[in-house]
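The data block below is structure-v4.pdb; it holds PDB, C-alpha atoms, pLDDT in the B column.
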ATOM      1  CA  MET A   1      27.511   1.557  23.940  1.00 60.00           C
ATOM      2  CA  PRO A   2      25.528   0.030  21.041  1.00 65.00           C
ATOM      3  CA  LYS A   3      24.514   2.307  18.204  1.00 69.00           C
ATOM      4  CA  LYS A   4      20.885   3.268  17.992  1.00 63.00           C
ATOM      5  CA  PRO A   5      19.289   1.886  14.800  1.00 60.00           C
ATOM      6  CA  LYS A   6      18.652   4.522  12.167  1.00 57.00           C
ATOM      7  CA  THR A   7      15.081   5.507  11.564  1.00 54.00           C
ATOM      8  CA  PRO A   8      14.081   4.868   7.964  1.00 59.00           C
ATOM      9  CA  LYS A   9      14.213   8.098   5.984  1.00 65.00           C
ATOM     10  CA  ASP A  10      10.922   9.173   4.445  1.00 69.00           C
ATOM     11  CA  THR A  11      11.806   9.890   0.847  1.00 84.00           C
ATOM     12  CA  ARG A  12       8.278  10.226  -0.485  1.00 88.00           C
ATOM     13  CA  SER A  13       7.444  13.245  -2.600  1.00 93.00           C
ATOM     14  CA  GLU A  14       4.730  15.763  -1.765  1.00 93.00           C
ATOM     15  CA  TYR A  15       2.690  14.180  -4.539  1.00 92.00           C
ATOM     16  CA  GLU A  16       2.956  10.701  -2.978  1.00 96.00           C
ATOM     17  CA  ILE A  17       2.043  11.995   0.493  1.00 96.00           C
ATOM     18  CA  GLN A  18      -0.930  13.881  -0.946  1.00 95.00           C
ATOM     19  CA  CYS A  19      -2.143  10.838  -2.916  1.00 96.00           C
ATOM     20  CA  GLU A  20      -2.018   8.706   0.240  1.00 97.00           C
ATOM     21  CA  ALA A  21      -4.023  11.327   2.148  1.00 97.00           C
ATOM     22  CA  VAL A  22      -6.606  11.670  -0.639  1.00 97.00           C
ATOM     23  CA  GLN A  23      -7.091   7.905  -0.815  1.00 97.00           C
ATOM     24  CA  TRP A  24      -7.530   7.664   2.970  1.00 96.00           C
ATOM     25  CA  PHE A  25     -10.005  10.579   3.011  1.00 95.00           C
ATOM     26  CA  ARG A  26     -12.125   9.221   0.156  1.00 95.00           C
ATOM     27  CA  GLU A  27     -12.292   5.785   1.794  1.00 95.00           C
ATOM     28  CA  THR A  28     -13.033   7.203   5.259  1.00 93.00           C
ATOM     29  CA  PHE A  29     -15.417  10.026   4.277  1.00 92.00           C
ATOM     30  CA  PRO A  30     -17.001   8.934   0.968  1.00 94.00           C
ATOM     31  CA  ASN A  31     -19.818  11.491   1.210  1.00 94.00           C
ATOM     32  CA  GLN A  32     -17.650  14.506   1.973  1.00 94.00           C
ATOM     33  CA  ILE A  33     -15.808  16.872  -0.385  1.00 95.00           C
ATOM     34  CA  LEU A  34     -12.120  17.090  -1.173  1.00 95.00           C
ATOM     35  CA  PHE A  35     -10.442  18.474  -4.264  1.00 94.00           C
ATOM     36  CA  SER A  36      -7.006  19.614  -5.329  1.00 92.00           C
ATOM     37  CA  CYS A  37      -5.784  22.982  -6.541  1.00 83.00           C
ATOM     38  CA  PRO A  38      -3.277  21.974  -9.220  1.00 77.00           C
ATOM     39  CA  ASN A  39      -1.225  25.170  -9.352  1.00 72.00           C
ATOM     40  CA  GLU A  40       1.643  23.288 -11.006  1.00 67.00           C
ATOM     41  CA  ALA A  41      -0.473  22.809 -14.118  1.00 61.00           C
ATOM     42  CA  ALA A  42      -1.536  26.463 -14.092  1.00 59.00           C
ATOM     43  CA  ARG A  43       2.088  27.685 -14.024  1.00 64.00           C
ATOM     44  CA  ARG A  44       2.444  26.801 -17.690  1.00 68.00           C
ATOM     45  CA  ASN A  45      -0.044  29.532 -18.587  1.00 73.00           C
ATOM     46  CA  TRP A  46      -0.266  31.559 -15.381  1.00 68.00           C
ATOM     47  CA  ALA A  47      -1.644  34.738 -16.968  1.00 74.00           C
ATOM     48  CA  HIS A  48      -4.602  32.794 -18.347  1.00 71.00           C
ATOM     49  CA  PHE A  49      -5.351  30.823 -15.165  1.00 73.00           C
ATOM     50  CA  SER A  50      -4.848  33.714 -12.738  1.00 75.00           C
ATOM     51  CA  LYS A  51      -7.576  35.666 -14.551  1.00 77.00           C
ATOM     52  CA  SER A  52      -9.964  32.804 -13.822  1.00 75.00           C
ATOM     53  CA  GLY A  53      -9.035  32.538 -10.125  1.00 75.00           C
ATOM     54  CA  ALA A  54      -5.750  30.660  -9.782  1.00 76.00           C
ATOM     55  CA  THR A  55      -3.939  32.138  -6.802  1.00 82.00           C
ATOM     56  CA  SER A  56      -0.222  31.927  -6.191  1.00 83.00           C
ATOM     57  CA  GLY A  57       0.406  30.225  -2.858  1.00 90.00           C
ATOM     58  CA  SER A  58      -2.944  28.463  -2.730  1.00 91.00           C
ATOM     59  CA  PRO A  59      -2.755  25.118  -0.920  1.00 95.00           C
ATOM     60  CA  ASP A  60      -2.814  21.636  -2.382  1.00 94.00           C
ATOM     61  CA  LEU A  61      -6.262  20.584  -1.150  1.00 96.00           C
ATOM     62  CA  VAL A  62      -9.605  22.064  -0.236  1.00 96.00           C
ATOM     63  CA  VAL A  63     -11.456  19.840   2.229  1.00 96.00           C
ATOM     64  CA  SER A  64     -15.050  20.073   3.381  1.00 93.00           C
ATOM     65  CA  ILE A  65     -16.594  17.998   6.135  1.00 90.00           C
ATOM     66  CA  LYS A  66     -20.223  18.926   6.720  1.00 86.00           C
ATOM     67  CA  ASP A  67     -20.127  22.715   7.247  1.00 84.00           C
ATOM     68  CA  ARG A  68     -16.341  23.028   7.794  1.00 89.00           C
ATOM     69  CA  VAL A  69     -14.097  24.025   4.902  1.00 94.00           C
ATOM     70  CA  PHE A  70     -10.341  24.128   5.314  1.00 96.00           C
ATOM     71  CA  PHE A  71      -7.115  24.021   3.352  1.00 96.00           C
ATOM     72  CA  VAL A  72      -4.217  21.571   3.402  1.00 97.00           C
ATOM     73  CA  GLU A  73      -0.689  22.126   2.112  1.00 97.00           C
ATOM     74  CA  PHE A  74       1.592  19.111   1.774  1.00 96.00           C
ATOM     75  CA  LYS A  75       5.339  19.284   2.200  1.00 97.00           C
ATOM     76  CA  THR A  76       8.024  16.665   2.547  1.00 96.00           C
ATOM     77  CA  LYS A  77       9.821  16.324   5.855  1.00 94.00           C
ATOM     78  CA  SER A  78      12.326  18.992   4.808  1.00 95.00           C
ATOM     79  CA  GLY A  79      10.052  20.964   2.455  1.00 95.00           C
ATOM     80  CA  GLN A  80       9.452  24.662   3.114  1.00 97.00           C
ATOM     81  CA  GLN A  81       6.487  26.871   2.300  1.00 96.00           C
ATOM     82  CA  SER A  82       7.079  29.624  -0.230  1.00 94.00           C
ATOM     83  CA  ASP A  83       6.486  33.226   0.802  1.00 97.00           C
ATOM     84  CA  ASN A  84       3.213  33.157  -1.172  1.00 94.00           C
ATOM     85  CA  GLN A  85       2.104  30.013   0.651  1.00 96.00           C
ATOM     86  CA  LYS A  86       2.881  31.618   4.016  1.00 98.00           C
ATOM     87  CA  ALA A  87       0.904  34.716   2.995  1.00 97.00           C
ATOM     88  CA  PHE A  88      -2.071  32.553   1.948  1.00 96.00           C
ATOM     89  CA  GLU A  89      -1.916  30.718   5.284  1.00 97.00           C
ATOM     90  CA  MET A  90      -1.979  34.036   7.173  1.00 97.00           C
ATOM     91  CA  LYS A  91      -5.017  35.222   5.172  1.00 96.00           C
ATOM     92  CA  CYS A  92      -6.831  32.019   6.136  1.00 96.00           C
ATOM     93  CA  LEU A  93      -5.942  32.288   9.791  1.00 95.00           C
ATOM     94  CA  ASN A  94      -6.892  35.976   9.896  1.00 97.00           C
ATOM     95  CA  VAL A  95     -10.434  35.187   8.730  1.00 96.00           C
ATOM     96  CA  GLY A  96     -10.826  32.009  10.785  1.00 93.00           C
ATOM     97  CA  ILE A  97     -10.430  29.417   8.045  1.00 94.00           C
ATOM     98  CA  GLY A  98      -8.454  26.283   8.909  1.00 94.00           C
ATOM     99  CA  TYR A  99      -5.096  25.831   7.222  1.00 96.00           C
ATOM    100  CA  TYR A 100      -2.860  22.833   7.861  1.00 96.00           C
ATOM    101  CA  LEU A 101       0.675  22.026   6.817  1.00 97.00           C
ATOM    102  CA  CYS A 102       0.941  18.243   6.574  1.00 97.00           C
ATOM    103  CA  ARG A 103       4.110  16.239   6.093  1.00 97.00           C
ATOM    104  CA  ASN A 104       2.576  12.765   6.244  1.00 97.00           C
ATOM    105  CA  LEU A 105      -0.717  10.900   6.522  1.00 97.00           C
ATOM    106  CA  GLU A 106      -0.772  11.196  10.319  1.00 97.00           C
ATOM    107  CA  ASP A 107      -0.552  15.005  10.087  1.00 97.00           C
ATOM    108  CA  PHE A 108      -3.463  14.944   7.647  1.00 96.00           C
ATOM    109  CA  LYS A 109      -5.531  12.757   9.976  1.00 96.00           C
ATOM    110  CA  ARG A 110      -4.806  15.193  12.824  1.00 94.00           C
ATOM    111  CA  SER A 111      -6.057  18.084  10.654  1.00 94.00           C
ATOM    112  CA  ILE A 112      -9.318  16.217  10.064  1.00 91.00           C
ATOM    113  CA  LEU A 113      -9.664  15.548  13.789  1.00 89.00           C
ATOM    114  CA  ALA A 114      -8.980  19.220  14.611  1.00 88.00           C
ATOM    115  CA  GLU A 115     -11.750  20.337  12.254  1.00 88.00           C
ATOM    116  CA  TRP A 116     -14.078  17.627  13.586  1.00 83.00           C
ATOM    117  CA  VAL A 117     -13.549  18.949  17.110  1.00 81.00           C
ATOM    118  CA  LYS A 118     -14.332  22.506  15.935  1.00 81.00           C
ATOM    119  CA  MET A 119     -17.434  21.228  14.172  1.00 78.00           C
ATOM    120  CA  GLN A 120     -18.648  19.501  17.325  1.00 74.00           C
ATOM    121  CA  LYS A 121     -17.950  22.696  19.278  1.00 67.00           C
ATOM    122  CA  ILE A 122     -16.198  20.671  21.949  1.00 51.00           C
ATOM    123  CA  ASP A 123     -14.706  22.725  24.760  1.00 53.00           C
ATOM    124  CA  PRO A 124     -11.120  21.439  25.172  1.00 50.00           C
ATOM    125  CA  GLN A 125     -11.271  22.442  28.857  1.00 52.00           C
ATOM    126  CA  GLN A 126     -13.913  19.766  29.409  1.00 50.00           C
ATOM    127  CA  HIS A 127     -11.532  17.068  28.179  1.00 42.00           C
ATOM    128  CA  LYS A 128      -8.466  17.852  30.276  1.00 45.00           C
ATOM    129  CA  ASN A 129      -7.223  15.028  32.500  1.00 39.00           C
TER     130      ASN A 129
END
How would this structure read if it were set down as C-alpha cells?
Amino acid sequence: MPKKPKTPKDTRSEYEIQCEAVQWFRETFPNQILFSCPNEAARRNWAHFSKSGATSGSPDLVVSIKDRVFFVEFKTKSGQQSDNQKAFEMKCLNVGIGYYLCRNLEDFKRSILAEWVKMQKIDPQQHKN
C-alpha cells in the first residue's frame, strides 16, 4: 500500500498568524476597528501597566464590526491557553461577549463570519438544509 503524502507542517508563530489575520482584516474591512493588546510588552513593567488596565490573560486582538465587539486569541497548532487566558475567555462568555481561539487565518475568518451572523440576527434554524 503506498504511503500517504505528509501534510506540510505549519511552523508559523502566533505572531505570524496574527499578522496575516490583521492584514486580511484591514484589507477586507478598512472602515472597521481592530487593535492588539500587546501584553508581551507590558510584562517588562507589569506593575506599571496593570495599574493602567493591562490584564493578565487578555487576548491578542480586540475586533469591532459595526456594533459587535469581540476578542481573538491566536495560538499555534499545538499552542495552549494559559490559565489566565482561559479565565478571561470564561468571563467573556459569561457576559455574552464573543471570544475566539484562532490557529490560522481560516479560523479568524470563521470568527468574523460568526459575529456577522450574530449581527444580522440570522436564525440558524432558517438555514438548515
Task: Between CA of Leu101 in chain A and CA of Ser52 in chain A, distance in Å (one decimal) - done: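 Atom-to-atom, CA of Leu101 in chain A and CA of Ser52 in chain A are spaced 25.6 Å apart.
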Open item on the list: When the PyMOL selection byres ((chain A and resi 33-36) around 10) is applied to the structure above, which residues does it catch, written out as a ChimeraX atom specification?
Closed with: /A:18,22,25-26,29-32,37-39,59-66,69-72
- [ ] Rounded to one decimal place, report the CA of Gln80 in chain A-CA of Glu14 in chain A distance in Å.
- [x]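 Going from CA of Gln80 in chain A over to CA of Glu14 in chain A, I get 11.2 Å.
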Task: Residues in the PyMOL selection byres ((chain A and resi 78) around 12), expressed as number ranges by chain - done: A: 9-14, 74-77, 79-81, 102-104
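The space between CA of Ala87 in chain A and CA of Glu73 in chain A spans 12.7 Å.
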- [ ] Write out as number ranges by chain the residues lying within 8 Å of range 105-117 of chain A, counting all atoms listed in the file and excluding same-chain residues fewer than 5 positions away.
- [x] A: 17, 20-21, 65, 68, 72, 98, 100, 122
As AutoDock Vina command-line options, please: the centre and edge lengths in Å, to one decimal, of an axis-aligned box enclosing every listed atom of range 67-84 of chain A with 5 Å added on each side.
--center_x -3.9 --center_y 24.8 --center_z 3.3 --size_x 42.5 --size_y 26.9 --size_z 19.0
Open item on the list: Could you check the closest approach to Met90 in chain A for each of A:Asn45, A:Gln23, A:Ser58, A:Ser50 and tell me which residue wins, using all atoms listed in the file?
Closed with: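 Checking each of A:Asn45, A:Gln23, A:Ser58, A:Ser50 against Met90 in chain A, counting all atoms listed in the file, the winner is A:Ser58.
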Can I get a file of range 88-103 of chain A from the given structure, N, CA and C atoms kept, as a PDB file, in the first residue's frame?
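Okay, this is what ended up in out_21.pdb:
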ATOM      1  N   PHE A  88     -10.104  34.508  31.326  1.00  0.00           N
ATOM      2  CA  PHE A  88     -10.593  35.669  30.578  1.00  0.00           C
ATOM      3  C   PHE A  88     -11.668  35.239  29.586  1.00  0.00           C
ATOM      4  N   GLU A  89     -11.431  34.128  28.893  1.00  0.00           N
ATOM      5  CA  GLU A  89     -12.417  33.604  27.945  1.00  0.00           C
ATOM      6  C   GLU A  89     -13.747  33.330  28.650  1.00  0.00           C
ATOM      7  N   MET A  90     -13.696  32.712  29.822  1.00  0.00           N
ATOM      8  CA  MET A  90     -14.926  32.392  30.555  1.00  0.00           C
ATOM      9  C   MET A  90     -15.668  33.667  30.967  1.00  0.00           C
ATOM     10  N   LYS A  91     -14.932  34.701  31.394  1.00  0.00           N
ATOM     11  CA  LYS A  91     -15.571  35.976  31.733  1.00  0.00           C
ATOM     12  C   LYS A  91     -16.322  36.526  30.526  1.00  0.00           C
ATOM     13  N   CYS A  92     -15.684  36.468  29.361  1.00  0.00           N
ATOM     14  CA  CYS A  92     -16.324  36.962  28.136  1.00  0.00           C
ATOM     15  C   CYS A  92     -17.591  36.186  27.840  1.00  0.00           C
ATOM     16  N   LEU A  93     -17.486  34.882  27.861  1.00  0.00           N
ATOM     17  CA  LEU A  93     -18.631  34.041  27.527  1.00  0.00           C
ATOM     18  C   LEU A  93     -19.764  34.215  28.533  1.00  0.00           C
ATOM     19  N   ASN A  94     -19.412  34.417  29.797  1.00  0.00           N
ATOM     20  CA  ASN A  94     -20.438  34.597  30.835  1.00  0.00           C
ATOM     21  C   ASN A  94     -21.238  35.882  30.672  1.00  0.00           C
ATOM     22  N   VAL A  95     -20.646  36.891  30.033  1.00  0.00           N
ATOM     23  CA  VAL A  95     -21.370  38.153  29.829  1.00  0.00           C
ATOM     24  C   VAL A  95     -21.801  38.343  28.370  1.00  0.00           C
ATOM     25  N   GLY A  96     -21.632  37.307  27.557  1.00  0.00           N
ATOM     26  CA  GLY A  96     -22.124  37.347  26.188  1.00  0.00           C
ATOM     27  C   GLY A  96     -21.232  38.050  25.179  1.00  0.00           C
ATOM     28  N   ILE A  97     -19.958  38.168  25.493  1.00  0.00           N
ATOM     29  CA  ILE A  97     -19.015  38.780  24.554  1.00  0.00           C
ATOM     30  C   ILE A  97     -18.299  37.661  23.802  1.00  0.00           C
ATOM     31  N   GLY A  98     -18.183  37.812  22.485  1.00  0.00           N
ATOM     32  CA  GLY A  98     -17.514  36.801  21.672  1.00  0.00           C
ATOM     33  C   GLY A  98     -16.039  36.690  21.996  1.00  0.00           C
ATOM     34  N   TYR A  99     -15.573  35.458  22.022  1.00  0.00           N
ATOM     35  CA  TYR A  99     -14.156  35.156  22.260  1.00  0.00           C
ATOM     36  C   TYR A  99     -13.815  33.986  21.352  1.00  0.00           C
ATOM     37  N   TYR A 100     -12.753  34.134  20.573  1.00  0.00           N
ATOM     38  CA  TYR A 100     -12.381  33.102  19.611  1.00  0.00           C
ATOM     39  C   TYR A 100     -10.908  32.746  19.755  1.00  0.00           C
ATOM     40  N   LEU A 101     -10.652  31.466  19.734  1.00  0.00           N
ATOM     41  CA  LEU A 101      -9.288  30.942  19.715  1.00  0.00           C
ATOM     42  C   LEU A 101      -8.997  30.551  18.270  1.00  0.00           C
ATOM     43  N   CYS A 102      -8.044  31.228  17.657  1.00  0.00           N
ATOM     44  CA  CYS A 102      -7.745  31.018  16.242  1.00  0.00           C
ATOM     45  C   CYS A 102      -6.326  30.493  16.075  1.00  0.00           C
ATOM     46  N   ARG A 103      -6.208  29.475  15.245  1.00  0.00           N
ATOM     47  CA  ARG A 103      -4.906  28.856  14.996  1.00  0.00           C
ATOM     48  C   ARG A 103      -4.381  29.124  13.589  1.00  0.00           C
TER      49      ARG A 103
END
